[in-house]
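Novice: Input: one structure, supplied below.
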Amino acid sequence: MSTVMPLLAGETVGTPWVNMLIFGIFVAGTLVIVLRASKNTATAADYYAGGRAFTGTQNGTAIAGDYLSAASFLGIVGAIALYGYDGFLYSIGFLVAWLVALLLVAEPLRNTGKFTMADVLSFRLRQRPVRIAASLNTLAVCLFYLLAQMAGAGALVSLLLGIDSKLGQSLVIVIVGALMILYVLVGGMKGTTWVQIIKAILLVTSVIVMTVWVMALFGFNLSALLGGAVDGHGGDEAILDPGLQYGASAVSQLDFVSLGLALVLGTAGLPHVLMRFYTVPTAKEARKSVVWAIILIGLFYLCTLVLGYGAAAMIGPERISAAPGGQNSAAPLLAFELGGSLLLGIVSAVAFATILAVVAGLTITAAASFAHDIYSSVIAKEHVSPEKEVKIARRTVLVIGVLSILGGIGAQGQNVAFLVALAFAVAASANLPTIVYSLFWRGFTTRGALWSMYGGLITALVLIVLSPVMSGAEASMIPAADFAIFPLKNPGIVSIPLAFFLGWLGSVTEKRTEDPDKQAEMEVRSLTGVGAEKAVDH
Amino acid sequence: MTVAFLVWYVLFVVLGAFFHDVMSIRLIGNINLGLVLGLLQFVSTFAITAAYVQFANKKLDPRAAAMRERLEAEAGDGRHGEEEIR
C-alpha cells in the first residue's frame with residue numbers, strides 16, 4: 001500500500017493528458033453509436049420512447065445507467081469515506097426506493113400512458129391544468145437533478161486536470177454542457193438509451209473491479225476493512241456508527257429521517273425514470289426492466305460501501321476534503337491509489353460518461369415534457385404535427401442545456417448525492433402522491449391533483465430556500481446571508497406528508513366528480529394493458 | 001407488502017437516527033448491528049423483488065391476459081358489426 005501523502009495545492013492526480021486521451025476515445029466511441037442509432041429516429045415515439053422496442057433487460061440496464069449517476073458513484077463514496085455509516089443511508093434509501101416503483105408504479109404506468117408522467121395523471125382528470133402542473137414539476141425536478149450532475153462534472157474534471165480555480169471549474173461545466181446538448185440533439189431517446197446501456201455495463205464492471213481489489217488488500221475481511229477506515233480517521237471509531245454527520249442534535253436526527261423519506265419515496269416520482277417505463281413494448285417488460293435494474297443497482301450500492309470505507313482507509317478524510325471537488329473526489333482518488341494513472345483515467349472516463357448520459361436523459365425528459373405537455377396540449381391546442389413537436393423538443397433541449405450550465409456553476413463544491421437528494425425530495429412531494437392517488441383512489445379529483453402537485457412543489461422549494469442549504473452556513477449557496485429559518489437540510493419529512501394531505505383534502509372538498517367511465521377505463525387499462533401503446537415497427 | 005417494507009425501512013432509519021447506542025453494538029469484530037441491519041435491507045429488497053416476480057408471473061399475468069384478450073376480441077367484433085351495416 002502506498003504511503004498516504006498529503007495532496008499539495010497545485011499538485012495534480014495522475015497525468016492530465018493520459019486522462020484526457022482515454023476520456024476522448026470514450027466520448028468519440030459513444031458519439032459514433034449515437035449517430036448510428038439516430039438514423040432511425042423519425043416519429044415522436046422514436047424520439048421520446050425509442051420506438052418502445054427495447055427489451056426488458058436492455059431497458060433495465062439503461063435504467064440502472066440513468067440512476068447510477070454522479071451522485072451514486074462520486075457522492076456516496078465520498079459521504080461514506082467522510083461520515084461512514086450516515087453516508088451509507090444514501091445507498092440503502094436509493095435502493096429500497098425501487099420497490100415502490102416495482103410494486104406500485106411501473107406496470108400501471110406503462111399500461112396507461114404514452115410518453116410522459118402527465119399522460120397518466122391527466123388520463124381521467126381535466127387535461128389542461130393537470131398537464132401544466134405535471135410539466136412544471138418535471139421541469140423543477142430535472143433542473144435540480146441537473147445541477148447536481150453539473151457540480152459532479154466540475155468536481156471530476158477539475159480533479160483530473162488539477163484545476164483549483166473557480167473560473168476554471170466553471171469553464172469545465174460550460175464544455176460539458178455543450179457536449180451534452182450535442183448528444184441529445186443528434187440522438188434523442190434511442191441514442192441516449194444505448195449510451196446508457198454501454199455506460200452502465202462499464203460503470204458496474206469498474207466498480208466491481210475496484211471493490212474486489214480493495215477487499216483483496218484487506219484479506220477479504222470486512223471487519224479489517226472497517227478497522228482500516230477507523231485508522232484512516234485517526235483511530236476514531238465514530239465512522240462505524242450512525243450519527244457522525246446527523247447525530248449532533250435532535251434537529252439533525254430529524255434531518256436524517258427526512259433524508260431517508262425523501263430517498264425512498266423520490267424514485268417513483270422522478271420523471272426521467274418514469275419515462276423509461278415507456279421504452280419497452282409491454283408492462284411485463286417494464287416489470288422485467290425494474291427487476292434487472294434492482295439487481296444491478298443493488299450490486300452497485302453494496303460496492304459503494306466497500307469503496308467508501310476503502311477510501312477512508314487508503315486516502316484519509318483530510319486529503320479527500322482538501323482535493324478539488326471535496327467529498328466528490330474520493331472515488332477517483334481511490335482509483336489512483338489502486339491502479340495509478342491508468343485506472344484513474346478509465347474510471348474517470350466512465351464517471352464522466354455517466355454524468356454526460358444522465359444529463360442527456362434528464363434534458364430529454366424535460367424537453368419532452370415541455371414539447372408534449374405544455375406546447376402541444378396547451379399552447380398550440382392539439383394542432384401540432386408530431387414532426388413539429390420533435391422540433392420544439394430539440395429547441396427546448398438547447399434552452400435547458402444553457403440553464404443547467406448556469407445552475408451547475410452556482411452549485412459547484414457541494415456533495416452531489418446531497419444535491420440529488422433535494423431533487424428526490426421535490427419529486428416525492430410534487431409527483432408521488434398524485435401518481436399514487438391517481439392510480440389507486442377512485443375519489444381522486446382534479447382539484448386534489450392540483451393541490452398536491454403545486455402544494456408539494458412549492459412547499460419543498462420554499463423549505464429548501466429557507467434551509468441551511470441556501471444560507472447561513474459555510475457550505476451554503478449564499479454563505480454571506482442568513483435567512484435559514486427552516487432547520488432541516490432536506491424538506492422531505494414536512495413536504496411529503498403535506499402533499500399527501502393536500503391531495504386528499506382537495507379531492508374531498510371538490511363537489512364535482514370526475515368522469516366515472518374514464519375512471520373505470522383507467523382501472524382496467526392499468527391492470528390489464530388493454531389499449532396500451534404498442535411498439536413501433538420499422 | 002408495500003406497507004410492510006416501508007415500515008421496515010422507516011424503522012431502520014429511525015433506529016439509525018435516534019438509537020445510536022443500539023446500532024453501535026459490535027457483533028463480529030468491527031461490524032456493528034447497524035451495518036448488519038443495513039445489509040439486511042439489501043437482502044429484503046432482493047427477496048421482495050423475487051417474490052413479486054413469482055407472484056406476478058403466476059397470478060397476475062394470466063388473469064390480465066385473459067381479460068385483455070376478451071376485451072380486444074369484443075372490440076374486434078364491434079368493428080365488424082359496423083362494417084356490415086354500412
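Quick note on naming: the chains in the C-alpha cells go A, B, ... in the order shown, residues restart at 1 in each chain, and ligands are numbered from 1 in order of appearance.
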Could you please tell me, as an MDAnalysis selection string, which residues of chain A have an atom within 9 Å of chain B when using only C-alpha atoms?
Specialist: chainID A and resid 85:86 88:89 92:93 95:96 98:100 102:104 222:227 240:243 246:247 250 252:257 260:261 264 284 287:288 291 294:295 298 302 524:525 527:531
Novice: Out of chain B, which residues get strand (DSSP E) from DSSP, as a ChimeraX atom specification?
Specialist: /B:26-28,31-32
Novice: Do you know which residues are at most 12 Å from A:Ala153 counting only C-alpha atoms, after dropping those on the same chain fewer than 3 positions away, and could you put them as an MDAnalysis selection string?
Specialist: chainID A and resid 69:71 73:75 146:150 156:160 169:177 180 324:325 328:329 348:359 405 408:409 411:416
Novice: Any chance you can output those residues with N, CA and C atoms as a compact mmCIF listing (two decimals), in the first residue's frame?
Specialist:
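The result, written out as out_3.txt:
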```txt
# COMPACT_ATOMS: atom_id res chain seq x y z
N SER A 69 -25.88 7.73 -11.16
CA SER A 69 -25.28 8.93 -11.73
C SER A 69 -24.07 9.33 -10.91
N ALA A 70 -23.64 10.56 -11.11
CA ALA A 70 -22.51 11.09 -10.36
C ALA A 70 -22.79 10.99 -8.86
N ALA A 71 -24.07 11.16 -8.50
CA ALA A 71 -24.43 11.10 -7.09
C ALA A 71 -24.04 9.77 -6.49
N PHE A 73 -21.98 7.38 -7.64
CA PHE A 73 -20.59 6.99 -7.68
C PHE A 73 -19.71 7.94 -6.89
N LEU A 74 -19.74 9.21 -7.24
CA LEU A 74 -18.85 10.17 -6.59
C LEU A 74 -19.36 10.58 -5.21
N GLY A 75 -20.64 10.89 -5.14
CA GLY A 75 -21.21 11.45 -3.92
C GLY A 75 -21.24 10.48 -2.76
N LEU A 146 -30.16 18.10 -12.56
CA LEU A 146 -29.12 18.54 -13.49
C LEU A 146 -28.03 19.33 -12.78
N LEU A 147 -28.43 20.21 -11.87
CA LEU A 147 -27.44 20.97 -11.13
C LEU A 147 -26.44 20.04 -10.46
N ALA A 148 -27.00 18.98 -9.85
CA ALA A 148 -26.16 18.04 -9.13
C ALA A 148 -25.14 17.40 -10.08
N GLN A 149 -25.59 17.00 -11.26
CA GLN A 149 -24.69 16.35 -12.20
C GLN A 149 -23.60 17.30 -12.67
N MET A 150 -24.00 18.54 -12.92
CA MET A 150 -23.02 19.53 -13.38
C MET A 150 -21.96 19.77 -12.31
N LEU A 156 -15.12 16.42 -10.93
CA LEU A 156 -14.33 15.35 -11.51
C LEU A 156 -13.23 15.86 -12.42
N VAL A 157 -13.61 16.68 -13.39
CA VAL A 157 -12.62 17.14 -14.36
C VAL A 157 -11.61 18.07 -13.71
N SER A 158 -12.07 18.86 -12.74
CA SER A 158 -11.12 19.73 -12.04
C SER A 158 -10.06 18.90 -11.34
N LEU A 159 -10.48 17.77 -10.79
CA LEU A 159 -9.52 16.88 -10.14
C LEU A 159 -8.54 16.31 -11.15
N LEU A 160 -9.07 15.87 -12.30
CA LEU A 160 -8.22 15.27 -13.32
C LEU A 160 -7.18 16.25 -13.84
N GLN A 169 -13.08 25.72 -13.15
CA GLN A 169 -14.13 24.73 -12.97
C GLN A 169 -15.40 25.15 -13.68
N SER A 170 -15.68 26.43 -13.68
CA SER A 170 -16.88 26.92 -14.38
C SER A 170 -16.74 26.66 -15.88
N LEU A 171 -15.52 26.86 -16.40
CA LEU A 171 -15.28 26.61 -17.82
C LEU A 171 -15.54 25.15 -18.17
N VAL A 172 -15.11 24.28 -17.27
CA VAL A 172 -15.34 22.84 -17.46
C VAL A 172 -16.82 22.55 -17.63
N ILE A 173 -17.60 23.17 -16.79
CA ILE A 173 -19.04 22.92 -16.83
C ILE A 173 -19.63 23.39 -18.16
N VAL A 174 -19.10 24.51 -18.68
CA VAL A 174 -19.59 25.01 -19.97
C VAL A 174 -19.33 23.97 -21.08
N ILE A 175 -18.13 23.39 -21.07
CA ILE A 175 -17.79 22.43 -22.12
C ILE A 175 -18.63 21.17 -22.01
N VAL A 176 -18.81 20.69 -20.78
CA VAL A 176 -19.65 19.51 -20.58
C VAL A 176 -21.05 19.75 -21.10
N GLY A 177 -21.57 20.91 -20.77
CA GLY A 177 -22.92 21.24 -21.20
C GLY A 177 -23.05 21.22 -22.71
N MET A 180 -23.14 17.71 -24.06
CA MET A 180 -24.41 17.07 -23.76
C MET A 180 -25.48 17.49 -24.75
N PRO A 324 -9.60 19.09 -5.11
CA PRO A 324 -10.63 19.80 -5.88
C PRO A 324 -11.88 18.94 -5.96
N GLY A 325 -13.02 19.54 -5.62
CA GLY A 325 -14.25 18.78 -5.67
C GLY A 325 -14.67 18.25 -4.31
N ASN A 328 -16.58 14.78 -3.35
CA ASN A 328 -16.82 14.09 -4.61
C ASN A 328 -15.56 13.50 -5.22
N SER A 329 -14.40 13.80 -4.65
CA SER A 329 -13.17 13.31 -5.25
C SER A 329 -12.73 11.96 -4.67
N SER A 348 -12.33 7.62 -14.40
CA SER A 348 -12.82 8.98 -14.61
C SER A 348 -13.60 9.10 -15.89
N ALA A 349 -13.11 8.43 -16.94
CA ALA A 349 -13.83 8.48 -18.20
C ALA A 349 -15.22 7.88 -18.04
N VAL A 350 -15.29 6.75 -17.35
CA VAL A 350 -16.59 6.12 -17.12
C VAL A 350 -17.49 7.03 -16.28
N ALA A 351 -16.91 7.61 -15.22
CA ALA A 351 -17.70 8.51 -14.38
C ALA A 351 -18.19 9.70 -15.19
N PHE A 352 -17.32 10.21 -16.04
CA PHE A 352 -17.68 11.35 -16.85
C PHE A 352 -18.79 11.01 -17.82
N ALA A 353 -18.66 9.85 -18.47
CA ALA A 353 -19.71 9.41 -19.39
C ALA A 353 -21.01 9.20 -18.65
N THR A 354 -20.90 8.73 -17.41
CA THR A 354 -22.07 8.57 -16.57
C THR A 354 -22.82 9.88 -16.45
N ILE A 355 -22.07 10.91 -16.11
CA ILE A 355 -22.69 12.21 -15.93
C ILE A 355 -23.30 12.69 -17.24
N LEU A 356 -22.53 12.56 -18.32
CA LEU A 356 -22.99 13.01 -19.62
C LEU A 356 -24.30 12.34 -20.00
N ALA A 357 -24.34 11.02 -19.82
CA ALA A 357 -25.53 10.28 -20.24
C ALA A 357 -26.73 10.64 -19.36
N VAL A 358 -26.52 10.78 -18.08
CA VAL A 358 -27.62 11.13 -17.18
C VAL A 358 -28.14 12.51 -17.51
N VAL A 359 -27.22 13.42 -17.75
CA VAL A 359 -27.62 14.78 -18.12
C VAL A 359 -28.44 14.74 -19.40
N ILE A 405 -26.25 24.67 -17.29
CA ILE A 405 -24.85 25.09 -17.18
C ILE A 405 -24.73 26.19 -16.13
N GLY A 408 -25.29 24.75 -12.70
CA GLY A 408 -24.17 23.94 -12.25
C GLY A 408 -23.02 24.80 -11.74
N ILE A 409 -22.79 25.92 -12.38
CA ILE A 409 -21.73 26.82 -11.93
C ILE A 409 -22.04 27.32 -10.53
N ALA A 411 -23.76 25.75 -8.27
CA ALA A 411 -23.84 24.69 -7.26
C ALA A 411 -22.52 23.97 -7.03
N GLN A 412 -21.44 24.41 -7.63
CA GLN A 412 -20.20 23.64 -7.52
C GLN A 412 -19.67 23.56 -6.09
N GLY A 413 -19.07 22.44 -5.76
CA GLY A 413 -18.46 22.26 -4.46
C GLY A 413 -19.30 21.44 -3.49
N GLN A 414 -20.59 21.35 -3.73
CA GLN A 414 -21.43 20.59 -2.80
C GLN A 414 -21.34 19.10 -3.10
N ASN A 415 -21.63 18.28 -2.08
CA ASN A 415 -21.69 16.83 -2.33
C ASN A 415 -22.85 16.51 -3.26
N VAL A 416 -22.53 15.76 -4.32
CA VAL A 416 -23.51 15.53 -5.38
C VAL A 416 -24.69 14.71 -4.89
```
Novice: Got a sec to tell me which of stretch 1-85 of chain B DSSP assigns to alpha helix (DSSP H), as an MDAnalysis selection string?
Specialist: chainID B and resid 2:18 20:23 33:55 61:85
Novice: With only C-alpha atoms as the counted atoms, please give the residues lying no more than 9 Å from stretch 461-465 of chain A, apart from itself and same-chain residues fewer than 5 positions off, as a PyMOL selection string.
Specialist: chain A and resi 422+426+456+470-471+483-486+488-491+494-495
Novice: How about saving the chosen residues, N, CA and C atoms kept, as a compact mmCIF listing (two decimals), in the first residue's frame?
Specialist:
```txt
# COMPACT_ATOMS: atom_id res chain seq x y z
N LEU A 422 -32.09 16.43 -2.80
CA LEU A 422 -33.04 17.54 -2.86
C LEU A 422 -34.02 17.34 -4.01
N VAL A 426 -38.16 16.93 -3.86
CA VAL A 426 -39.14 17.63 -4.69
C VAL A 426 -40.01 16.61 -5.42
N GLY A 456 -47.09 20.37 -3.03
CA GLY A 456 -45.86 19.65 -2.78
C GLY A 456 -44.65 20.37 -3.35
N MET A 470 -29.30 26.93 1.58
CA MET A 470 -29.26 28.17 0.81
C MET A 470 -28.42 29.24 1.48
N SER A 471 -28.51 29.31 2.82
CA SER A 471 -27.83 30.41 3.50
C SER A 471 -27.50 30.01 4.93
N PHE A 483 -30.94 33.50 6.11
CA PHE A 483 -32.38 33.52 6.27
C PHE A 483 -32.88 32.09 6.45
N ALA A 484 -32.06 31.29 7.12
CA ALA A 484 -32.38 29.87 7.26
C ALA A 484 -33.29 29.62 8.43
N ILE A 485 -34.57 29.91 8.26
CA ILE A 485 -35.48 29.71 9.38
C ILE A 485 -35.97 28.28 9.46
N PHE A 486 -35.79 27.50 8.39
CA PHE A 486 -36.17 26.10 8.44
C PHE A 486 -34.91 25.28 8.71
N LEU A 488 -34.07 22.01 8.82
CA LEU A 488 -33.68 20.76 8.18
C LEU A 488 -33.10 21.01 6.80
N LYS A 489 -32.07 20.21 6.44
CA LYS A 489 -31.47 20.40 5.13
C LYS A 489 -32.28 19.71 4.05
N ASN A 490 -33.07 18.73 4.43
CA ASN A 490 -33.93 18.06 3.47
C ASN A 490 -35.38 18.23 3.91
N PRO A 491 -36.22 18.77 3.03
CA PRO A 491 -37.59 19.10 3.45
C PRO A 491 -38.55 17.91 3.50
N VAL A 494 -41.50 17.10 5.97
CA VAL A 494 -42.62 18.05 6.03
C VAL A 494 -43.40 18.06 4.73
N SER A 495 -42.68 18.19 3.62
CA SER A 495 -43.37 18.42 2.34
C SER A 495 -44.10 17.18 1.83
```
Novice: Hey, which of A:Gly78, A:Gly339, A:Gly410, A:Gly503 ends up closest to A:Ser91? Count only C-alpha atoms.
Specialist: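 Looking at the shortest contact to A:Ser91, the residue is A:Gly78.
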Novice: So that I can see what lies close to A:Phe440, please list as a PyMOL selection string the residues with an atom at most 12 Å from it, counting only C-alpha atoms and leaving out residues fewer than 2 positions away in the same chain.
Specialist: chain A and resi 104-105+108-109+121+433-438+442-444+519-520+522-524+526-527
